[in-house]
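Text of coords.pdb, listed as PDB, C-alpha atoms:
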ATOM      1  CA  MET A  18     -24.669  21.057   6.543
ATOM      2  CA  LYS A  19     -24.873  17.685   4.831
ATOM      3  CA  LYS A  20     -21.679  15.948   3.745
ATOM      4  CA  THR A  21     -21.378  14.591   0.223
ATOM      5  CA  VAL A  22     -19.671  11.189   0.397
ATOM      6  CA  THR A  23     -18.487   9.270  -2.673
ATOM      7  CA  LEU A  24     -17.857   5.541  -2.346
ATOM      8  CA  ILE A  25     -15.480   4.089  -4.933
ATOM      9  CA  ILE A  26     -16.205   0.361  -4.841
ATOM     10  CA  HIS A  27     -13.970  -2.348  -6.315
ATOM     11  CA  GLY A  28     -16.423  -3.727  -8.838
ATOM     12  CA  HIS A  29     -15.088  -7.291  -9.027
ATOM     13  CA  ARG A  30     -14.951  -8.121  -5.332
ATOM     14  CA  ARG A  31     -17.757  -9.453  -3.143
ATOM     15  CA  LEU A  32     -18.711  -7.035  -0.377
ATOM     16  CA  SER A  33     -18.273  -8.420   3.142
ATOM     17  CA  ASN A  34     -21.113  -8.280   5.654
ATOM     18  CA  LYS A  35     -19.295  -5.554   7.577
ATOM     19  CA  THR A  36     -18.900  -3.516   4.378
ATOM     20  CA  LEU A  37     -22.594  -3.915   3.543
ATOM     21  CA  GLU A  38     -23.474  -2.872   7.100
ATOM     22  CA  THR A  39     -21.317   0.249   6.783
ATOM     23  CA  ILE A  40     -22.898   1.225   3.468
ATOM     24  CA  ALA A  41     -26.361   0.763   4.993
ATOM     25  CA  PHE A  42     -25.442   3.111   7.878
ATOM     26  CA  LEU A  43     -24.159   5.671   5.372
ATOM     27  CA  GLU A  44     -27.370   5.428   3.315
ATOM     28  CA  ASP A  45     -29.540   5.867   6.403
ATOM     29  CA  ASP A  46     -27.718   8.811   7.946
ATOM     30  CA  PRO A  47     -29.630  12.075   7.298
ATOM     31  CA  ALA A  48     -26.406  14.103   7.468
ATOM     32  CA  ILE A  49     -24.900  12.297   4.464
ATOM     33  CA  VAL A  50     -25.570  12.507   0.734
ATOM     34  CA  LEU A  51     -24.141   9.273  -0.654
ATOM     35  CA  HIS A  52     -22.894   8.514  -4.173
ATOM     36  CA  LYS A  53     -21.795   4.973  -5.041
ATOM     37  CA  LYS A  54     -19.447   4.332  -7.952
ATOM     38  CA  ARG A  55     -18.232   0.887  -8.994
ATOM     39  CA  THR A  56     -15.011   0.246 -10.877
ATOM     40  CA  LYS A  57     -14.972  -1.941 -13.958
ATOM     41  CA  SER A  58     -11.268  -2.125 -14.773
ATOM     42  CA  THR A  59      -7.809  -1.001 -13.677
ATOM     43  CA  GLY A  60      -7.515   2.785 -13.564
ATOM     44  CA  ASP A  61     -11.224   3.406 -12.999
ATOM     45  CA  ALA A  62     -10.813   4.172  -9.284
ATOM     46  CA  ALA A  63      -8.240   6.906  -9.965
ATOM     47  CA  GLU A  64     -10.396   8.524 -12.637
ATOM     48  CA  ILE A  65     -13.544   8.389 -10.501
ATOM     49  CA  ALA A  66     -11.607   9.920  -7.584
ATOM     50  CA  ARG A  67     -10.227  12.673  -9.793
ATOM     51  CA  ARG A  68     -13.722  13.654 -10.902
ATOM     52  CA  ALA A  69     -15.203  13.282  -7.418
ATOM     53  CA  MET A  70     -12.749  15.847  -6.005
ATOM     54  CA  PHE A  71     -14.919  18.637  -7.436
ATOM     55  CA  LYS A  72     -18.170  17.553  -5.768
ATOM     56  CA  SER A  73     -17.344  15.563  -2.608
ATOM     57  CA  ASN A  74     -16.459  16.285   0.990
ATOM     58  CA  VAL A  75     -15.308  12.709   1.576
ATOM     59  CA  ILE A  76     -14.007  10.094  -0.874
ATOM     60  CA  ILE A  77     -13.932   6.519   0.380
ATOM     61  CA  ALA A  78     -12.106   3.567  -1.169
ATOM     62  CA  VAL A  79     -14.110   0.348  -0.726
ATOM     63  CA  GLY A  80     -11.609  -2.408  -1.426
ATOM     64  CA  GLY A  81      -8.057  -3.417  -0.629
ATOM     65  CA  ASP A  82      -4.714  -1.657  -0.748
ATOM     66  CA  GLY A  83      -4.718  -1.446  -4.543
ATOM     67  CA  THR A  84      -8.051   0.366  -4.572
ATOM     68  CA  CYS A  85      -6.777   2.744  -1.880
ATOM     69  CA  ASN A  86      -3.668   3.427  -3.960
ATOM     70  CA  GLU A  87      -5.652   4.195  -7.088
ATOM     71  CA  VAL A  88      -8.054   6.472  -5.224
ATOM     72  CA  ILE A  89      -5.332   8.492  -3.496
ATOM     73  CA  ASN A  90      -3.438   8.931  -6.773
ATOM     74  CA  GLY A  91      -6.623  10.177  -8.423
ATOM     75  CA  MET A  92      -7.188  12.621  -5.583
ATOM     76  CA  MET A  93      -3.606  13.899  -5.815
ATOM     77  CA  VAL A  94      -4.025  14.962  -9.466
ATOM     78  CA  ALA A  95      -5.588  18.150  -8.094
ATOM     79  CA  PRO A  96      -5.175  18.033  -4.284
ATOM     80  CA  ASN A  97      -7.776  19.791  -2.149
ATOM     81  CA  PRO A  98      -7.084  19.902   1.620
ATOM     82  CA  ASN A  99     -10.834  20.155   2.281
ATOM     83  CA  VAL A 100     -11.584  16.727   0.761
ATOM     84  CA  VAL A 101     -11.102  13.802   3.149
ATOM     85  CA  PHE A 102      -9.920  10.325   2.156
ATOM     86  CA  GLY A 103     -11.308   7.234   3.863
ATOM     87  CA  VAL A 104     -11.248   3.476   3.483
ATOM     88  CA  ILE A 105     -13.723   0.669   4.121
ATOM     89  CA  PRO A 106     -11.382  -2.363   4.081
ATOM     90  CA  ASN A 107     -12.761  -4.973   1.688
ATOM     91  CA  GLY A 108      -9.657  -6.488   0.146
ATOM     92  CA  THR A 109      -7.423  -9.512   0.565
ATOM     93  CA  GLY A 110      -4.599  -8.059   2.660
ATOM     94  CA  ASN A 111      -5.937  -4.680   3.842
ATOM     95  CA  ASP A 112      -2.466  -3.729   5.085
ATOM     96  CA  PHE A 113      -3.101   0.031   5.077
ATOM     97  CA  ALA A 114      -6.160  -0.439   7.315
ATOM     98  CA  ARG A 115      -3.997  -2.379   9.789
ATOM     99  CA  ASN A 116      -2.429   0.940  10.813
ATOM    100  CA  PHE A 117      -5.667   1.877  12.592
ATOM    101  CA  GLU A 118      -7.995   0.433  15.190
ATOM    102  CA  PRO A 119     -10.115  -2.541  14.030
ATOM    103  CA  PHE A 120     -12.780  -1.254  11.661
ATOM    104  CA  ASP A 121     -16.127  -0.451  13.273
ATOM    105  CA  PRO A 122     -19.005   0.530  10.931
ATOM    106  CA  ARG A 123     -20.826   2.811  13.398
ATOM    107  CA  LYS A 124     -17.651   4.587  14.536
ATOM    108  CA  PHE A 125     -16.645   5.053  10.902
ATOM    109  CA  VAL A 126     -19.912   6.769   9.960
ATOM    110  CA  THR A 127     -19.831   8.895  13.131
ATOM    111  CA  SER A 128     -16.305  10.057  12.277
ATOM    112  CA  ILE A 129     -17.571  11.296   8.906
ATOM    113  CA  VAL A 130     -20.525  13.167  10.378
ATOM    114  CA  GLU A 131     -18.467  14.685  13.193
ATOM    115  CA  ASP A 132     -15.475  15.388  10.927
ATOM    116  CA  THR A 133     -13.073  13.364  13.066
ATOM    117  CA  THR A 134     -10.061  13.090  10.795
ATOM    118  CA  GLN A 135      -6.335  12.413  11.024
ATOM    119  CA  LEU A 136      -3.594  14.032   8.973
ATOM    120  CA  ILE A 137      -1.161  11.494   7.512
ATOM    121  CA  ASP A 138       1.914  11.577   5.310
ATOM    122  CA  LEU A 139       2.094  10.261   1.766
ATOM    123  CA  GLY A 140       5.089   8.655   0.133
ATOM    124  CA  LYS A 141       5.949   9.690  -3.423
ATOM    125  CA  ILE A 142       8.092   7.836  -5.946
ATOM    126  CA  ASN A 143       9.543   9.732  -8.887
ATOM    127  CA  PHE A 144      10.380   7.643 -11.947
ATOM    128  CA  LYS A 145      12.231   8.777 -15.043
ATOM    129  CA  LYS A 146       8.803   9.517 -16.466
ATOM    130  CA  GLY A 147       6.026  10.356 -14.047
ATOM    131  CA  SER A 148       5.461   9.709 -10.352
ATOM    132  CA  ARG A 149       3.254   7.674  -8.022
ATOM    133  CA  TYR A 150       2.041   8.252  -4.470
ATOM    134  CA  PHE A 151       1.682   5.536  -1.864
ATOM    135  CA  LEU A 152      -0.231   5.456   1.407
ATOM    136  CA  ASN A 153       1.378   2.532   3.139
ATOM    137  CA  VAL A 154       4.400   0.644   1.783
ATOM    138  CA  ALA A 155       6.406   0.502  -1.434
ATOM    139  CA  ASP A 156       9.307  -1.745  -2.368
ATOM    140  CA  ILE A 157      11.747  -2.729  -5.037
ATOM    141  CA  GLY A 158      12.999  -6.292  -5.253
ATOM    142  CA  PHE A 159      11.378  -9.515  -4.081
ATOM    143  CA  GLY A 160       8.080  -7.966  -2.929
ATOM    144  CA  ALA A 161       7.544  -6.312  -6.310
ATOM    145  CA  LYS A 162       8.476  -9.582  -8.041
ATOM    146  CA  VAL A 163       5.683 -11.350  -6.108
ATOM    147  CA  ILE A 164       3.175  -8.692  -7.208
ATOM    148  CA  GLU A 165       4.342  -8.978 -10.830
ATOM    149  CA  THR A 166       3.903 -12.763 -10.691
ATOM    150  CA  MET A 167       0.478 -12.407  -9.071
ATOM    151  CA  ASN A 168      -0.651 -10.029 -11.828
ATOM    152  CA  ARG A 169       0.258 -12.622 -14.464
ATOM    153  CA  GLN A 170      -1.729 -15.219 -12.511
ATOM    154  CA  ARG A 171      -4.735 -12.881 -12.312
ATOM    155  CA  SER A 172      -4.784 -12.586 -16.080
ATOM    156  CA  ALA A 173      -4.900 -16.400 -16.158
ATOM    157  CA  GLY A 174      -7.915 -16.415 -13.840
ATOM    158  CA  ILE A 175      -6.122 -17.244 -10.558
ATOM    159  CA  GLY A 176      -7.096 -14.824  -7.781
ATOM    160  CA  GLY A 177      -7.465 -14.292  -4.025
ATOM    161  CA  LYS A 178      -5.211 -15.472  -1.209
ATOM    162  CA  PHE A 179      -4.396 -18.665  -3.112
ATOM    163  CA  SER A 180      -2.920 -16.556  -5.914
ATOM    164  CA  TYR A 181      -0.811 -14.545  -3.457
ATOM    165  CA  ASN A 182       0.614 -17.654  -1.788
ATOM    166  CA  THR A 183       1.264 -19.279  -5.151
ATOM    167  CA  ALA A 184       3.062 -16.142  -6.380
ATOM    168  CA  ILE A 185       5.328 -16.200  -3.312
ATOM    169  CA  VAL A 186       6.326 -19.812  -3.967
ATOM    170  CA  ARG A 187       6.919 -19.227  -7.675
ATOM    171  CA  SER A 188       8.946 -16.068  -7.018
ATOM    172  CA  PHE A 189      10.875 -17.871  -4.271
ATOM    173  CA  PHE A 190      12.369 -20.294  -6.781
ATOM    174  CA  SER A 191      12.880 -17.876  -9.702
ATOM    175  CA  TYR A 192      14.113 -14.666  -8.036
ATOM    176  CA  ARG A 193      17.753 -13.619  -8.383
ATOM    177  CA  LYS A 194      18.975 -10.801  -6.145
ATOM    178  CA  PRO A 195      19.923  -7.688  -8.169
ATOM    179  CA  VAL A 196      22.598  -5.126  -7.309
ATOM    180  CA  ILE A 197      20.913  -2.036  -5.862
ATOM    181  CA  SER A 198      22.347   1.314  -4.724
ATOM    182  CA  VAL A 199      20.568   3.380  -2.059
ATOM    183  CA  ASP A 200      21.876   6.874  -1.280
ATOM    184  CA  ASN A 201      21.203  10.057   0.632
ATOM    185  CA  ASP A 202      23.265  12.122   3.107
ATOM    186  CA  ASP A 203      22.961   9.462   5.817
ATOM    187  CA  VAL A 204      22.597   6.164   3.948
ATOM    188  CA  HIS A 205      25.027   4.651   1.468
ATOM    189  CA  PHE A 206      24.373   1.092   0.381
ATOM    190  CA  LYS A 207      25.398  -0.798  -2.731
ATOM    191  CA  GLY A 208      25.195  -4.528  -3.127
ATOM    192  CA  LYS A 209      23.001  -7.503  -3.805
ATOM    193  CA  ALA A 210      19.644  -6.979  -2.170
ATOM    194  CA  LEU A 211      16.671  -9.205  -1.595
ATOM    195  CA  MET A 212      14.424  -6.195  -1.145
ATOM    196  CA  ILE A 213      14.436  -2.468  -0.359
ATOM    197  CA  VAL A 214      11.262  -1.411   1.464
ATOM    198  CA  PHE A 215       9.909   2.115   2.005
ATOM    199  CA  SER A 216       7.413   2.280   4.877
ATOM    200  CA  ASN A 217       4.897   4.973   5.636
ATOM    201  CA  GLY A 218       2.765   2.383   7.436
ATOM    202  CA  LYS A 219       3.849  -0.619   9.462
ATOM    203  CA  SER A 220       3.002  -3.705   7.427
ATOM    204  CA  PHE A 221       2.734  -5.192   3.970
ATOM    205  CA  GLY A 222       2.279  -8.660   2.476
ATOM    206  CA  HIS A 223      -0.764  -9.509   4.614
ATOM    207  CA  GLY A 224       0.513  -8.309   7.996
ATOM    208  CA  LEU A 225       4.309  -8.522   7.784
ATOM    209  CA  LYS A 226       5.578  -5.614   9.915
ATOM    210  CA  VAL A 227       8.678  -4.900   7.906
ATOM    211  CA  TYR A 228       9.269  -1.558   9.680
ATOM    212  CA  PRO A 229       7.473  -1.860  13.053
ATOM    213  CA  GLU A 230       8.191   1.715  14.222
ATOM    214  CA  ALA A 231       6.711   3.334  11.110
ATOM    215  CA  LYS A 232       4.251   6.143  11.816
ATOM    216  CA  LEU A 233       1.863   7.609   9.278
ATOM    217  CA  ASP A 234       2.222  11.158  10.608
ATOM    218  CA  ASN A 235       5.867  11.748  11.623
ATOM    219  CA  GLY A 236       7.064  13.391   8.404
ATOM    220  CA  LYS A 237       9.461  10.533   7.617
ATOM    221  CA  LEU A 238       9.480   7.165   5.860
ATOM    222  CA  GLY A 239      11.062   4.015   7.207
ATOM    223  CA  LEU A 240      13.728   2.299   5.111
ATOM    224  CA  ALA A 241      14.435  -1.413   5.430
ATOM    225  CA  VAL A 242      17.456  -2.570   3.445
ATOM    226  CA  ILE A 243      17.260  -6.352   3.256
ATOM    227  CA  GLY A 244      20.556  -7.041   1.558
ATOM    228  CA  ASN A 245      22.265 -10.297   0.605
ATOM    229  CA  VAL A 246      19.867 -12.404   2.654
ATOM    230  CA  SER A 247      18.823 -15.784   1.310
ATOM    231  CA  LEU A 248      15.167 -16.402   0.693
ATOM    232  CA  PHE A 249      15.334 -19.258   3.203
ATOM    233  CA  GLU A 250      16.679 -16.897   5.892
ATOM    234  CA  TYR A 251      13.930 -14.403   5.049
ATOM    235  CA  ALA A 252      11.294 -17.124   5.246
ATOM    236  CA  ARG A 253      12.682 -18.172   8.630
ATOM    237  CA  ASN A 254      12.051 -14.626   9.867
ATOM    238  CA  LEU A 255       8.430 -14.392   8.701
ATOM    239  CA  LYS A 256       7.168 -15.237  12.194
ATOM    240  CA  ASN A 257       9.241 -12.369  13.627
ATOM    241  CA  LEU A 258       7.876  -9.975  11.002
ATOM    242  CA  LYS A 259       4.301 -11.061  11.758
ATOM    243  CA  GLN A 260       4.911 -10.275  15.424
ATOM    244  CA  GLY A 261       6.548  -6.898  14.730
ATOM    245  CA  ARG A 262      10.140  -7.898  15.502
ATOM    246  CA  LYS A 263      12.939  -6.619  13.303
ATOM    247  CA  ILE A 264      15.211  -9.019  11.436
ATOM    248  CA  VAL A 265      18.537  -9.321  13.268
ATOM    249  CA  HIS A 266      21.068  -9.988  10.512
ATOM    250  CA  PRO A 267      24.295  -8.238   9.419
ATOM    251  CA  GLU A 268      22.812  -7.721   5.942
ATOM    252  CA  VAL A 269      19.637  -6.027   7.215
ATOM    253  CA  LYS A 270      19.661  -2.311   8.068
ATOM    254  CA  TYR A 271      16.917   0.082   9.186
ATOM    255  CA  HIS A 272      16.854   3.863   8.749
ATOM    256  CA  GLU A 273      14.447   6.814   8.596
ATOM    257  CA  PHE A 274      14.497   9.288   5.735
ATOM    258  CA  GLU A 275      12.689  12.068   3.944
ATOM    259  CA  LYS A 276      14.257  11.654   0.491
ATOM    260  CA  ILE A 277      16.458   8.949  -0.986
ATOM    261  CA  SER A 278      17.706   7.808  -4.405
ATOM    262  CA  VAL A 279      17.657   4.191  -5.559
ATOM    263  CA  HIS A 280      19.586   3.014  -8.594
ATOM    264  CA  THR A 281      19.667  -0.460 -10.114
ATOM    265  CA  GLU A 282      21.959  -1.935 -12.722
ATOM    266  CA  ASP A 283      18.892  -3.670 -14.166
ATOM    267  CA  ALA A 284      16.787  -0.802 -15.553
ATOM    268  CA  ASN A 285      13.761  -3.070 -15.790
ATOM    269  CA  LEU A 286      13.359  -3.860 -12.096
ATOM    270  CA  CYS A 287       9.751  -3.531 -10.889
ATOM    271  CA  VAL A 288       8.647  -1.123  -8.168
ATOM    272  CA  GLU A 289       5.391  -1.699  -6.278
ATOM    273  CA  THR A 290       3.321   0.779  -4.308
ATOM    274  CA  ASP A 291       0.603  -0.520  -1.950
ATOM    275  CA  GLY A 292       0.603  -3.864  -3.736
ATOM    276  CA  GLU A 293       0.392  -2.482  -7.284
ATOM    277  CA  ILE A 294       3.168  -2.357  -9.890
ATOM    278  CA  ALA A 295       3.860   1.356 -10.305
ATOM    279  CA  GLY A 296       6.863   1.477 -12.636
ATOM    280  CA  ARG A 297      10.476   0.491 -13.203
ATOM    281  CA  SER A 298      13.752   1.513 -11.604
ATOM    282  CA  SER A 299      15.700   3.736 -11.057
ATOM    283  CA  ILE A 300      13.743   5.979  -8.650
ATOM    284  CA  THR A 301      13.746   8.754  -6.062
ATOM    285  CA  VAL A 302      11.532   8.260  -2.994
TER
END
Taking this structure as input, can you express it in the form of structure tokens?
Amino acid sequence: MKKTVTLIIHGHRRLSNKTLETIAFLEDDPAIVLHKKRTKSTGDAAEIARRAMFKSNVIIAVGGDGTCNEVINGMMVAPNPNVVFGVIPNGTGNDFARNFEPFDPRKFVTSIVEDTTQLIDLGKINFKKGSRYFLNVADIGFGAKVIETMNRQRSAGIGGKFSYNTAIVRSFFSYRKPVISVDNDDVHFKGKALMIVFSNGKSFGHGLKVYPEAKLDNGKLGLAVIGNVSLFEYARNLKNLKQGRKIVHPEVKYHEFEKISVHTEDANLCVETDGEIAGRSSITV
């Protein structure tokens, strides 16, 4: 039986040669009926995914982590365990795709035809109003501040890796650590925090392995509490994070959890999921 595959393509990003090669393989495979949908604006990917759930066997995000996040949230409006999610990495950071072997176009198409799939966990953040799923990593604090700054730059026409690096520098000099409380039966933290990170996957921020032991399929999320750490100390540890080494610091703690509550004194603190601003604190993860 043929498989119906829907590609949801980030409409404002140039397709890499490897992405074009993968699409060509999909178009040529006699076992696949291919539908290509391009996004035009924010929110399109989620809506296309929601509609595609009724007529697809496989839904593939063609883009970066933000496209993946939109697609999975669209699919989770009416979840169907028989519809498979996939990703052709074509973004700036592609941190979710880093959890897997290097992308190979032929292997990818073969996995669709032969139904070679992997069950993974999803993270879910509940806000006061509404909720948001994430595939890879979410955070509250400095990481979300960088994303917020980058979004403002995008609206001013500054994009790509240059925008991300610029947002880090700008956030570096303007960020003030808020007081954050993190609580469940095993974890009790309250204090100034640079960042609280929730990890389903290993890395965020273009390959920073903030929770190196994270596994997509172990039924738990990793929690990294980066407390009253200066931005200069954090920057000094970036090499360690790139290489998958934990930060050794009295203000940095690592835990695993299934559910946790996060409260902030500032009710307007941003929360990001897979590199997209998802809402404001306080939250349950």
Restricting the calculation to only C-alpha atoms, which member of A:Lys20, A:Lys270, A:His223, A:Lys259 is positioned closest to Val130 in chain A? A:Lys20
Any chance you could work out the axis-aligned box around range 282-298 of chain A, listed atoms only, 8 Å on each side, giving centre and edge lengths in Å to one decimal, as AutoDock Vina command-line options?
--center_x 11.2 --center_y -1.2 --center_z -8.9 --size_x 37.6 --size_y 21.4 --size_z 29.8
Counting only C-alpha atoms, I want the residues whose atoms come within 10 Å of (5.6, 3.4, 12.9) in the file frame, returned as a list of chain:residue names. A:Asn116, A:Ser216, A:Asn217, A:Gly218, A:Lys219, A:Ser220, A:Lys226, A:Tyr228, A:Pro229, A:Glu230, A:Ala231, A:Lys232, A:Leu233, A:Asp234, A:Asn235, A:Lys237, A:Leu238, A:Gly239
Could you write out as a VMD selection string the residues that the PyMOL selection byres ((chain A and resi 215) around 6) matches in the shown file? chain A and resid 154 to 156 214 216 239 to 240
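Minimum distance to Phe120 in chain A across A:Asn143, A:Thr84, A:Thr36, A:Ser188 (counting all atoms listed in the file) occurs at A:Thr36.
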Range 61-74 of chain A environment, 9 Å, all atoms listed in the file, sequence neighbours closer than 4 positions dropped, as a PyMOL selection string: chain A and resi 20-23+25-27+54-57+78+84-97+99-102
CA of Lys209 in chain A to CA of Ala241 in chain A measures 14.0 Å
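The residue that comes closest to Lys276 in chain A, out of A:Lys194, A:Lys141, A:His52, A:His29 and on the basis of all atoms listed in the file, is A:Lys141.
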Expected file content for range 249-278 of chain A, N, CA and C atoms, as a short mmCIF file (atom, residue, chain, number, x, y, z; two decimals), in the first residue's frame:
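Once everything was written out, this is selection17.cif:
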data_model
loop_
_atom_site.label_atom_id
_atom_site.label_comp_id
_atom_site.auth_asym_id
_atom_site.auth_seq_id
_atom_site.Cartn_x
_atom_site.Cartn_y
_atom_site.Cartn_z
N PHE A 249 29.26 35.80 32.52
CA PHE A 249 30.65 35.56 32.14
C PHE A 249 31.06 34.13 32.49
N GLU A 250 30.59 33.63 33.66
CA GLU A 250 30.88 32.24 34.02
C GLU A 250 30.20 31.28 33.05
N TYR A 251 28.97 31.60 32.67
CA TYR A 251 28.25 30.77 31.70
C TYR A 251 28.98 30.74 30.36
N ALA A 252 29.41 31.93 29.92
CA ALA A 252 30.12 32.01 28.65
C ALA A 252 31.42 31.21 28.70
N ARG A 253 32.06 31.19 29.87
CA ARG A 253 33.31 30.45 30.02
C ARG A 253 33.08 28.94 29.90
N ASN A 254 31.85 28.52 30.15
CA ASN A 254 31.52 27.09 30.09
C ASN A 254 30.94 26.66 28.74
N LEU A 255 30.83 27.56 27.79
CA LEU A 255 30.23 27.22 26.50
C LEU A 255 30.99 26.09 25.80
N LYS A 256 32.31 26.09 25.93
CA LYS A 256 33.11 25.02 25.31
C LYS A 256 32.75 23.67 25.92
N ASN A 257 32.59 23.64 27.26
CA ASN A 257 32.18 22.40 27.93
C ASN A 257 30.82 21.93 27.43
N LEU A 258 29.88 22.87 27.30
CA LEU A 258 28.53 22.51 26.85
C LEU A 258 28.56 21.99 25.42
N LYS A 259 29.38 22.59 24.58
CA LYS A 259 29.51 22.11 23.19
C LYS A 259 30.01 20.67 23.15
N GLN A 260 30.89 20.34 24.10
CA GLN A 260 31.49 19.01 24.13
C GLN A 260 30.71 18.02 25.00
N GLY A 261 29.55 18.45 25.52
CA GLY A 261 28.71 17.54 26.29
C GLY A 261 29.16 17.33 27.72
N ARG A 262 29.86 18.30 28.29
CA ARG A 262 30.29 18.21 29.69
C ARG A 262 29.42 19.13 30.54
N LYS A 263 28.96 18.61 31.66
CA LYS A 263 28.11 19.41 32.54
C LYS A 263 28.91 20.55 33.17
N ILE A 264 28.18 21.61 33.54
CA ILE A 264 28.79 22.73 34.26
C ILE A 264 29.00 22.32 35.71
N VAL A 265 30.24 22.41 36.17
CA VAL A 265 30.56 22.12 37.58
C VAL A 265 30.60 23.44 38.32
N HIS A 266 29.54 23.69 39.10
CA HIS A 266 29.39 24.98 39.79
C HIS A 266 28.38 24.77 40.92
N PRO A 267 28.61 25.34 42.09
CA PRO A 267 27.67 25.13 43.21
C PRO A 267 26.26 25.64 42.93
N GLU A 268 26.11 26.53 41.96
CA GLU A 268 24.79 27.09 41.65
C GLU A 268 24.11 26.37 40.47
N VAL A 269 24.71 25.28 40.02
CA VAL A 269 24.14 24.53 38.89
C VAL A 269 23.77 23.12 39.35
N LYS A 270 22.51 22.75 39.17
CA LYS A 270 22.02 21.44 39.61
C LYS A 270 21.32 20.75 38.44
N TYR A 271 21.42 19.42 38.43
CA TYR A 271 20.79 18.60 37.39
C TYR A 271 19.88 17.57 38.04
N HIS A 272 18.70 17.38 37.46
CA HIS A 272 17.74 16.40 37.96
C HIS A 272 16.99 15.79 36.77
N GLU A 273 16.26 14.71 37.04
CA GLU A 273 15.27 14.17 36.10
C GLU A 273 13.90 14.30 36.71
N PHE A 274 12.88 14.47 35.87
CA PHE A 274 11.53 14.63 36.42
C PHE A 274 10.49 14.22 35.39
N GLU A 275 9.27 14.03 35.90
CA GLU A 275 8.13 13.80 35.02
C GLU A 275 7.18 15.00 35.04
N LYS A 276 7.09 15.67 36.19
CA LYS A 276 6.22 16.85 36.30
C LYS A 276 6.83 17.80 37.32
N ILE A 277 6.80 19.09 37.00
CA ILE A 277 7.38 20.08 37.91
C ILE A 277 6.69 21.42 37.72
N SER A 278 6.63 22.20 38.79
CA SER A 278 6.00 23.53 38.75
C SER A 278 7.07 24.60 38.82
#
